[in-house]
Amino acid sequence: MARAENALELVEYIAVTTTPYTLTGSGLVGVNRAGPVTINLPTPQAELRVVVKDESGLAETNNITVQTPGSETIDGAATDVIDTNYGAAGYYCNGTNWFKV
């Protein structure tokens with residue numbers, strides 16, 4: 001089995017303090033906001049990777065909702081919710097839909 005050299009390498013770190021926040025490409029998204037947050041994933045393109053992390057430790061009370069930009073899905077659903085304090089979730093795109101890691 002071939003090993004991907006930079007399988008987890010992300011393009012940039014994005015600090016999110018406003019909502020909703022729309023991503024335009026791959027990245028590591030740090031959410032540090034005292035309130036619910038919505039993250040809009042980018043338009044599907046093959047090999048996009050996104051990791052969303054609750055940096056505030058408040059996701060249990062102030063959920064982070066990750067959603068697709070259109071009719072695409074995340075593991076068959078329109079949204080995914082991070083609701084664990086300091087929780088995180090990774091997502092990748094196959095060019096058509098998003099999948100949670």
# chains A, B, ... in the order shown; residues from 1 in each chain; ligands from 1
$ residues_around --residues "stretch 23-35 of chain A" --least-positions-apart "3" --cutoff "6 Å" --atoms "only C-alpha atoms" --output "NGL selection string"
:A and (10-17 or 41-42 or 48-56 or 62)
$ write_last_selection --atoms "C-alpha atoms" --output "mmCIF file, in the first residue's frame"
data_model
loop_
_atom_site.group_PDB
_atom_site.id
_atom_site.type_symbol
_atom_site.label_atom_id
_atom_site.label_comp_id
_atom_site.auth_asym_id
_atom_site.auth_seq_id
_atom_site.Cartn_x
_atom_site.Cartn_y
_atom_site.Cartn_z
ATOM 1 C CA LEU A 10 -3.247 21.580 5.574
ATOM 2 C CA VAL A 11 -2.946 24.757 3.560
ATOM 3 C CA GLU A 12 -3.541 27.330 6.287
ATOM 4 C CA TYR A 13 -4.745 28.052 9.811
ATOM 5 C CA ILE A 14 -7.967 30.054 9.966
ATOM 6 C CA ALA A 15 -9.090 31.700 13.211
ATOM 7 C CA VAL A 16 -12.880 32.011 13.293
ATOM 8 C CA THR A 17 -14.452 34.559 15.635
ATOM 9 C CA LEU A 41 -17.551 24.239 3.686
ATOM 10 C CA PRO A 42 -16.152 25.258 0.294
ATOM 11 C CA LEU A 48 -10.006 19.455 -0.200
ATOM 12 C CA ARG A 49 -9.367 18.826 3.512
ATOM 13 C CA VAL A 50 -10.760 20.750 6.464
ATOM 14 C CA VAL A 51 -10.294 20.258 10.199
ATOM 15 C CA VAL A 52 -12.541 22.204 12.584
ATOM 16 C CA LYS A 53 -11.491 22.543 16.251
ATOM 17 C CA ASP A 54 -13.343 24.095 19.213
ATOM 18 C CA GLU A 55 -10.624 26.271 20.770
ATOM 19 C CA SER A 56 -13.020 28.004 23.183
ATOM 20 C CA ASN A 62 -22.457 26.766 21.765
#
$ residues_around --residues "A:Thr68" --least-positions-apart "4" --cutoff "7 Å" --atoms "only C-alpha atoms" --output "ChimeraX atom specification"
/A:40-41,72-73,78-79
$ closest_residue --among "A:Leu58, A:Glu47, A:Ile64, A:Val101" --to "A:Thr19" --atoms "only C-alpha atoms"
A:Ile64
$ residues_around --residues "A:Ile39" --least-positions-apart "3" --cutoff "7 Å" --atoms "only C-alpha atoms" --output "PDB file with N, CA, C and O atoms, in the first residue's frame"
ATOM      1  N   PRO A  20     -21.876  33.536  10.199  1.00  0.00           N
ATOM      2  CA  PRO A  20     -21.282  32.321   9.664  1.00  0.00           C
ATOM      3  C   PRO A  20     -19.934  32.626   9.027  1.00  0.00           C
ATOM      4  O   PRO A  20     -19.653  33.777   8.679  1.00  0.00           O
ATOM      5  N   TYR A  21     -19.116  31.593   8.879  1.00  0.00           N
ATOM      6  CA  TYR A  21     -17.818  31.740   8.238  1.00  0.00           C
ATOM      7  C   TYR A  21     -17.782  30.789   7.053  1.00  0.00           C
ATOM      8  O   TYR A  21     -18.050  29.597   7.196  1.00  0.00           O
ATOM      9  N   THR A  22     -17.443  31.308   5.873  1.00  0.00           N
ATOM     10  CA  THR A  22     -17.392  30.498   4.661  1.00  0.00           C
ATOM     11  C   THR A  22     -15.947  30.256   4.262  1.00  0.00           C
ATOM     12  O   THR A  22     -15.191  31.204   4.050  1.00  0.00           O
ATOM     13  N   THR A  65     -21.771  24.223  13.919  1.00  0.00           N
ATOM     14  CA  THR A  65     -22.445  23.515  12.831  1.00  0.00           C
ATOM     15  C   THR A  65     -21.623  23.668  11.567  1.00  0.00           C
ATOM     16  O   THR A  65     -21.313  24.787  11.156  1.00  0.00           O
ATOM     17  N   VAL A  66     -21.273  22.547  10.967  1.00  0.00           N
ATOM     18  CA  VAL A  66     -20.529  22.529   9.709  1.00  0.00           C
ATOM     19  C   VAL A  66     -21.522  22.101   8.638  1.00  0.00           C
ATOM     20  O   VAL A  66     -22.216  21.092   8.794  1.00  0.00           O
ATOM     21  N   GLN A  67     -21.606  22.912   7.560  1.00  0.00           N
ATOM     22  CA  GLN A  67     -22.591  22.596   6.529  1.00  0.00           C
ATOM     23  C   GLN A  67     -21.997  22.720   5.134  1.00  0.00           C
ATOM     24  O   GLN A  67     -20.998  23.392   4.927  1.00  0.00           O
TER      25      GLN A  67
END
$ select_by_dssp --residues "stretch 4-86 of chain A" --states "strand (DSSP E)" --output "ChimeraX atom specification"
/A:13-16,21-22,27-31,37-40,46-54,64-67,79-82
$ residues_around --residues "A:Ala59" --least-positions-apart "6" --cutoff "6 Å" --atoms "only C-alpha atoms" --output "PDB file with C-alpha atoms, in the first residue's frame"
ATOM      1  CA  ASP A  83     -21.015  19.569  20.389  1.00  0.00           C
ATOM      2  CA  THR A  84     -18.191  18.390  22.632  1.00  0.00           C
ATOM      3  CA  ASN A  85     -16.047  20.915  24.511  1.00  0.00           C
TER       4      ASN A  85
END
$ atom_distance --atom1 "atom CA of A:Tyr92" --atom2 "atom CA of A:Asn63"
20.7 Å
$ closest_residue --among "A:Cys93, A:Val81, A:Ile74, A:Ala88" --to "A:Pro36" --atoms "only C-alpha atoms"
A:Val81
